Each structure stands twice: as C-alpha cells, then as structure tokens.
file run-v1.cif (mmCIF, C-alpha atoms)
data_query
#
loop_
_atom_site.group_PDB
_atom_site.id
_atom_site.type_symbol
_atom_site.label_atom_id
_atom_site.label_comp_id
_atom_site.auth_asym_id
_atom_site.auth_seq_id
_atom_site.Cartn_x
_atom_site.Cartn_y
_atom_site.Cartn_z
ATOM 1 C CA MET O 1 22.678 22.895 -114.029
ATOM 2 C CA ASP O 2 21.128 21.979 -110.668
ATOM 3 C CA THR O 3 20.449 25.112 -108.570
ATOM 4 C CA ARG O 4 21.677 23.339 -105.435
ATOM 5 C CA LEU O 5 25.005 22.729 -107.154
ATOM 6 C CA ASP O 6 25.121 26.386 -108.248
ATOM 7 C CA THR O 7 24.525 27.504 -104.664
ATOM 8 C CA ARG O 8 27.231 25.200 -103.299
ATOM 9 C CA LEU O 9 29.696 26.412 -105.932
ATOM 10 C CA ASP O 10 28.859 30.054 -105.196
ATOM 11 C CA THR O 11 29.362 29.463 -101.473
ATOM 12 C CA ARG O 12 32.707 27.750 -102.048
ATOM 13 C CA LEU O 13 33.867 30.472 -104.417
ATOM 14 C CA ASP O 14 32.909 33.163 -101.890
ATOM 15 C CA THR O 15 34.824 31.317 -99.165
ATOM 16 C CA LEU O 16 37.852 30.894 -101.406
ATOM 17 C CA LEU O 17 37.782 34.567 -102.433
ATOM 18 C CA LYS O 18 37.626 35.672 -98.790
ATOM 19 C CA LEU O 19 40.602 33.458 -97.948
ATOM 20 C CA ILE O 20 42.633 34.766 -100.884
ATOM 21 C CA LEU O 21 41.823 38.375 -99.959
ATOM 22 C CA THR O 22 42.697 37.777 -96.318
ATOM 23 C CA LEU O 23 46.077 36.353 -97.290
ATOM 24 C CA ALA O 24 46.711 39.034 -99.902
ATOM 25 C CA VAL O 25 46.284 41.863 -97.415
ATOM 26 C CA ALA O 26 47.441 40.286 -94.161
ATOM 27 C CA VAL O 27 50.691 38.608 -95.133
ATOM 28 C CA PRO O 28 52.542 41.529 -96.788
ATOM 29 C CA GLY O 29 51.740 43.936 -93.980
ATOM 30 C CA ALA O 30 52.167 41.591 -91.047
ATOM 31 C CA THR O 31 55.523 43.075 -90.094
ATOM 32 C CA LEU O 32 54.828 46.724 -90.916
ATOM 33 C CA ALA O 33 55.420 48.869 -87.855
ATOM 34 C CA ASN O 34 53.717 52.202 -87.425
ATOM 35 C CA ALA O 35 56.386 54.904 -87.268
ATOM 36 C CA ALA O 36 54.170 57.626 -85.849
ATOM 37 C CA TRP O 37 52.209 57.089 -82.657
ATOM 38 C CA SER O 38 50.395 60.406 -82.479
ATOM 39 C CA LYS O 39 46.610 60.410 -82.602
ATOM 40 C CA GLU O 40 45.226 60.152 -86.133
ATOM 41 C CA ASP O 41 48.267 60.591 -88.358
ATOM 42 C CA PRO O 42 47.070 60.711 -92.001
ATOM 43 C CA ALA O 43 50.634 60.358 -93.347
ATOM 44 C CA ALA O 44 51.103 57.130 -91.399
ATOM 45 C CA GLY O 45 47.593 56.105 -92.481
ATOM 46 C CA GLU O 46 48.541 56.585 -96.129
ATOM 47 C CA LYS O 47 51.487 54.200 -95.715
ATOM 48 C CA LEU O 48 49.318 51.656 -93.931
ATOM 49 C CA TYR O 49 46.638 52.002 -96.612
ATOM 50 C CA ALA O 50 49.264 51.303 -99.293
ATOM 51 C CA THR O 51 50.267 48.121 -97.481
ATOM 52 C CA HIS O 52 46.890 46.755 -96.428
ATOM 53 C CA CYS O 53 44.205 48.227 -98.689
ATOM 54 C CA THR O 54 45.463 48.882 -102.216
ATOM 55 C CA ALA O 55 45.185 45.240 -103.305
ATOM 56 C CA CYS O 56 41.400 45.601 -103.328
ATOM 57 C CA HIS O 57 40.572 49.319 -103.169
ATOM 58 C CA GLY O 58 43.429 50.542 -105.384
ATOM 59 C CA ALA O 59 46.104 53.160 -104.837
ATOM 60 C CA ASP O 60 43.636 55.875 -105.885
ATOM 61 C CA ARG O 61 40.913 54.504 -103.551
ATOM 62 C CA ALA O 62 38.592 54.079 -106.567
ATOM 63 C CA GLY O 63 37.982 50.380 -105.817
ATOM 64 C CA VAL O 64 36.432 47.982 -108.322
ATOM 65 C CA PRO O 65 32.697 48.482 -107.753
ATOM 66 C CA PRO O 66 30.586 46.644 -106.862
ATOM 67 C CA THR O 67 32.997 43.997 -105.560
ATOM 68 C CA PHE O 68 35.421 46.417 -103.892
ATOM 69 C CA PRO O 69 33.783 49.767 -103.105
ATOM 70 C CA ALA O 70 35.464 53.092 -103.735
ATOM 71 C CA LEU O 71 36.806 54.766 -100.601
ATOM 72 C CA THR O 72 37.220 58.232 -102.110
ATOM 73 C CA ASP O 73 34.089 59.494 -100.349
ATOM 74 C CA VAL O 74 33.785 56.994 -97.519
ATOM 75 C CA SER O 75 33.595 59.794 -94.926
ATOM 76 C CA LYS O 76 30.371 60.981 -96.603
ATOM 77 C CA ARG O 77 28.816 57.513 -96.288
ATOM 78 C CA LEU O 78 30.097 56.312 -92.916
ATOM 79 C CA GLU O 79 30.871 57.848 -89.550
ATOM 80 C CA PRO O 80 34.523 57.564 -88.377
ATOM 81 C CA ALA O 81 33.573 54.874 -85.834
ATOM 82 C CA GLN O 82 31.918 52.825 -88.594
ATOM 83 C CA VAL O 83 35.024 53.081 -90.796
ATOM 84 C CA LYS O 84 37.239 51.970 -87.905
ATOM 85 C CA ASP O 85 34.904 49.099 -87.059
ATOM 86 C CA ARG O 86 34.873 47.925 -90.689
ATOM 87 C CA ILE O 87 38.688 47.942 -90.778
ATOM 88 C CA LYS O 88 38.909 45.980 -87.548
ATOM 89 C CA GLN O 89 35.997 43.563 -88.042
ATOM 90 C CA GLY O 90 35.777 43.301 -91.827
ATOM 91 C CA GLY O 91 32.454 42.678 -93.530
ATOM 92 C CA GLY O 92 31.141 41.237 -96.763
ATOM 93 C CA LEU O 93 34.196 40.241 -98.792
ATOM 94 C CA MET O 94 36.491 42.480 -96.739
ATOM 95 C CA PRO O 95 38.609 40.507 -94.305
ATOM 96 C CA PRO O 96 39.195 41.719 -90.743
ATOM 97 C CA PHE O 97 42.552 43.244 -89.836
ATOM 98 C CA PRO O 98 43.151 42.013 -86.269
ATOM 99 C CA GLN O 99 46.901 42.577 -86.638
ATOM 100 C CA LEU O 100 46.421 46.365 -86.780
ATOM 101 C CA SER O 101 46.645 48.319 -83.553
ATOM 102 C CA SER O 102 44.006 50.878 -82.565
ATOM 103 C CA GLN O 103 46.487 53.620 -83.486
ATOM 104 C CA GLU O 104 47.029 52.147 -86.947
ATOM 105 C CA ILE O 105 43.267 51.898 -87.495
ATOM 106 C CA ASP O 106 42.878 55.540 -86.385
ATOM 107 C CA ASP O 107 45.618 56.542 -88.835
ATOM 108 C CA ILE O 108 44.016 54.718 -91.776
ATOM 109 C CA ALA O 109 40.619 56.229 -90.932
ATOM 110 C CA SER O 110 42.111 59.724 -90.783
ATOM 111 C CA TYR O 111 43.780 59.176 -94.167
ATOM 112 C CA LEU O 112 40.476 58.013 -95.665
ATOM 113 C CA ALA O 113 38.711 61.082 -94.264
ATOM 114 C CA LYS O 114 40.999 63.421 -96.229
#

call {"tool": "encode", "arguments": {"input": "run-v1.cif", "output": "structure tokens"}}
result
Amino acid sequence: MDTRLDTRLDTRLDTLLKLILTLAVAVPGATLANAAWSKEDPAAGEKLYATHCTACHGADRAGVPPTFPALTDVSKRLEPAQVKDRIKQGGGLMPPFPQLSSQEIDDIASYLAK
C-alpha cells in the first residue's frame, strides 16, 4: 500500500478517534453539576471522574496503556498544576474539558492525587 495513503488514513483515524472520545466524555457529563464547592473535594472529584474519565481511563484508573494511560500514580509523574492543565486543555488523544469549572478540575485533581 502507498505510504502516503497510509499516512492519510492514520491521520483521519486519529481525528475520528479524537472526535469520538470528545463526544463520549463531554455529552454524558454536560449537565452534571458539582454539589460541593469547597476547595479540592476528592469525593466530588470521584463523582466527576466517574462521569468524565472512566470511558477511557476506567473506573479503577488503570487505563488501557499505551492508548489511555493509567492514572493510579499520576501524582508521582505530574505536578498538580500539570494534571489540572491536562484536564482543561487535553493533549494527545485526550480531549479538552472546557465545560468543567476550575472547582471541578480541582476536585478531579484532588481525587487523582489520593
């Protein structure tokens, strides 16, 4: 097969996968309201994680490496600000989560740090 065709197909598949992932995580949680507004609430973060993150990273945070990394030890690999930035901005195959408030992002990050 022509390598140019392979590259175009890979690019289109990556784009399609990103779109599917964005829809899979954004649509179900679009109306979820954060019940607790205190700074860094891991219990609220766990609920938000279940809504927005389990589709890719799993309920046990084990992921599906290498496509979806495990988050069980993310606090050993990334600083809290980096985790929060990744949630907000996305990166690689991970879509951004612009619908989440700063409080919700703080809550998810505090849950992941546990």

call {"tool": "atom_distance", "arguments": {"input": "run-v1.cif", "atom1": "CA of Glu46 in chain O", "atom2": "CA of Pro69 in chain O"}}
result
17.7 Å

call {"tool": "closest_residue", "arguments": {"input": "run-v1.cif", "among": "O:Ser102, O:Glu40, O:Cys53, O:Ser110", "to": "Ser75 in chain O", "atoms": "all atoms listed in the file"}}
result
O:Ser110

call {"tool": "resolve_selection", "arguments": {"input": "run-v1.cif", "expression": "the PyMOL selection byres ((chain O and resi 49) around 10)", "output": "number ranges by chain"}}
result
O: 29, 42-48, 50-55, 57-59, 61, 104-105, 107-109, 111-112

call {"tool": "atom_distance", "arguments": {"input": "run-v1.cif", "atom1": "CA of Lys114 in chain O", "atom2": "CA of Pro80 in chain O"}}
result
11.7 Å

call {"tool": "atom_distance", "arguments": {"input": "run-v1.cif", "atom1": "CA of Leu100 in chain O", "atom2": "CA of Lys88 in chain O"}}
result
7.6 Å

call {"tool": "residues_around", "arguments": {"input": "run-v1.cif", "residues": "Phe68 in chain O", "least_positions_apart": "6", "cutoff": "9 Å", "atoms": "only C-alpha atoms", "output": "list of chain:residue names"}}
result
O:Cys56, O:His57, O:Ala62, O:Leu93, O:Met94

call {"tool": "closest_residue", "arguments": {"input": "run-v1.cif", "among": "O:Pro65, O:Gly91, O:Leu78, O:Lys84", "to": "Gln103 in chain O", "atoms": "all atoms listed in the file"}}
result
O:Lys84

call {"tool": "build_atoms", "arguments": {"input": "run-v1.cif", "residues": "range 68-93 of chain O", "atoms": "N, CA and C atoms", "output": "PDB file, in the frame of the given file"}}
result
ATOM      1  N   PHE O  68      34.596  45.678-104.848  1.00  0.00           N
ATOM      2  CA  PHE O  68      35.421  46.417-103.892  1.00  0.00           C
ATOM      3  C   PHE O  68      35.035  47.889-103.986  1.00  0.00           C
ATOM      4  N   PRO O  69      34.310  48.401-102.998  1.00  0.00           N
ATOM      5  CA  PRO O  69      33.783  49.767-103.105  1.00  0.00           C
ATOM      6  C   PRO O  69      34.884  50.826-103.105  1.00  0.00           C
ATOM      7  N   ALA O  70      34.575  51.938-103.757  1.00  0.00           N
ATOM      8  CA  ALA O  70      35.464  53.092-103.735  1.00  0.00           C
ATOM      9  C   ALA O  70      35.495  53.660-102.313  1.00  0.00           C
ATOM     10  N   LEU O  71      36.654  54.160-101.927  1.00  0.00           N
ATOM     11  CA  LEU O  71      36.806  54.766-100.601  1.00  0.00           C
ATOM     12  C   LEU O  71      37.078  56.258-100.703  1.00  0.00           C
ATOM     13  N   THR O  72      36.934  56.816-101.904  1.00  0.00           N
ATOM     14  CA  THR O  72      37.220  58.232-102.110  1.00  0.00           C
ATOM     15  C   THR O  72      36.276  59.133-101.319  1.00  0.00           C
ATOM     16  N   ASP O  73      35.071  58.689-101.083  1.00  0.00           N
ATOM     17  CA  ASP O  73      34.089  59.494-100.349  1.00  0.00           C
ATOM     18  C   ASP O  73      33.519  58.743 -99.144  1.00  0.00           C
ATOM     19  N   VAL O  74      34.299  57.835 -98.605  1.00  0.00           N
ATOM     20  CA  VAL O  74      33.785  56.994 -97.519  1.00  0.00           C
ATOM     21  C   VAL O  74      33.344  57.830 -96.312  1.00  0.00           C
ATOM     22  N   SER O  75      33.980  58.962 -96.075  1.00  0.00           N
ATOM     23  CA  SER O  75      33.595  59.794 -94.926  1.00  0.00           C
ATOM     24  C   SER O  75      32.221  60.441 -95.114  1.00  0.00           C
ATOM     25  N   LYS O  76      31.721  60.467 -96.351  1.00  0.00           N
ATOM     26  CA  LYS O  76      30.371  60.981 -96.603  1.00  0.00           C
ATOM     27  C   LYS O  76      29.321  59.901 -96.362  1.00  0.00           C
ATOM     28  N   ARG O  77      29.753  58.639 -96.424  1.00  0.00           N
ATOM     29  CA  ARG O  77      28.816  57.513 -96.288  1.00  0.00           C
ATOM     30  C   ARG O  77      28.823  56.893 -94.905  1.00  0.00           C
ATOM     31  N   LEU O  78      29.965  56.961 -94.220  1.00  0.00           N
ATOM     32  CA  LEU O  78      30.097  56.312 -92.916  1.00  0.00           C
ATOM     33  C   LEU O  78      30.695  57.268 -91.896  1.00  0.00           C
ATOM     34  N   GLU O  79      30.284  57.103 -90.662  1.00  0.00           N
ATOM     35  CA  GLU O  79      30.871  57.848 -89.550  1.00  0.00           C
ATOM     36  C   GLU O  79      32.266  57.276 -89.275  1.00  0.00           C
ATOM     37  N   PRO O  80      33.179  58.066 -88.674  1.00  0.00           N
ATOM     38  CA  PRO O  80      34.523  57.564 -88.377  1.00  0.00           C
ATOM     39  C   PRO O  80      34.519  56.248 -87.593  1.00  0.00           C
ATOM     40  N   ALA O  81      33.635  56.113 -86.626  1.00  0.00           N
ATOM     41  CA  ALA O  81      33.573  54.874 -85.834  1.00  0.00           C
ATOM     42  C   ALA O  81      33.185  53.685 -86.703  1.00  0.00           C
ATOM     43  N   GLN O  82      32.317  53.902 -87.692  1.00  0.00           N
ATOM     44  CA  GLN O  82      31.918  52.825 -88.594  1.00  0.00           C
ATOM     45  C   GLN O  82      33.078  52.408 -89.496  1.00  0.00           C
ATOM     46  N   VAL O  83      33.855  53.384 -89.967  1.00  0.00           N
ATOM     47  CA  VAL O  83      35.024  53.081 -90.796  1.00  0.00           C
ATOM     48  C   VAL O  83      36.021  52.249 -89.994  1.00  0.00           C
ATOM     49  N   LYS O  84      36.286  52.682 -88.763  1.00  0.00           N
ATOM     50  CA  LYS O  84      37.239  51.970 -87.905  1.00  0.00           C
ATOM     51  C   LYS O  84      36.756  50.562 -87.596  1.00  0.00           C
ATOM     52  N   ASP O  85      35.463  50.420 -87.342  1.00  0.00           N
ATOM     53  CA  ASP O  85      34.904  49.099 -87.059  1.00  0.00           C
ATOM     54  C   ASP O  85      35.021  48.189 -88.275  1.00  0.00           C
ATOM     55  N   ARG O  86      34.784  48.722 -89.471  1.00  0.00           N
ATOM     56  CA  ARG O  86      34.873  47.925 -90.689  1.00  0.00           C
ATOM     57  C   ARG O  86      36.313  47.463 -90.914  1.00  0.00           C
ATOM     58  N   ILE O  87      37.281  48.329 -90.625  1.00  0.00           N
ATOM     59  CA  ILE O  87      38.688  47.942 -90.778  1.00  0.00           C
ATOM     60  C   ILE O  87      39.015  46.808 -89.803  1.00  0.00           C
ATOM     61  N   LYS O  88      38.580  46.968 -88.581  1.00  0.00           N
ATOM     62  CA  LYS O  88      38.909  45.980 -87.548  1.00  0.00           C
ATOM     63  C   LYS O  88      38.157  44.662 -87.726  1.00  0.00           C
ATOM     64  N   GLN O  89      36.855  44.747 -88.009  1.00  0.00           N
ATOM     65  CA  GLN O  89      35.997  43.563 -88.042  1.00  0.00           C
ATOM     66  C   GLN O  89      35.820  42.961 -89.435  1.00  0.00           C
ATOM     67  N   GLY O  90      36.060  43.767 -90.480  1.00  0.00           N
ATOM     68  CA  GLY O  90      35.777  43.301 -91.827  1.00  0.00           C
ATOM     69  C   GLY O  90      34.284  43.319 -92.074  1.00  0.00           C
ATOM     70  N   GLY O  91      33.873  42.742 -93.194  1.00  0.00           N
ATOM     71  CA  GLY O  91      32.454  42.678 -93.530  1.00  0.00           C
ATOM     72  C   GLY O  91      32.288  42.404 -95.004  1.00  0.00           C
ATOM     73  N   GLY O  92      31.309  41.615 -95.366  1.00  0.00           N
ATOM     74  CA  GLY O  92      31.141  41.237 -96.763  1.00  0.00           C
ATOM     75  C   GLY O  92      32.370  40.460 -97.218  1.00  0.00           C
ATOM     76  N   LEU O  93      32.976  40.882 -98.311  1.00  0.00           N
ATOM     77  CA  LEU O  93      34.196  40.241 -98.792  1.00  0.00           C
ATOM     78  C   LEU O  93      35.449  40.779 -98.105  1.00  0.00           C
TER      79      LEU O  93
END
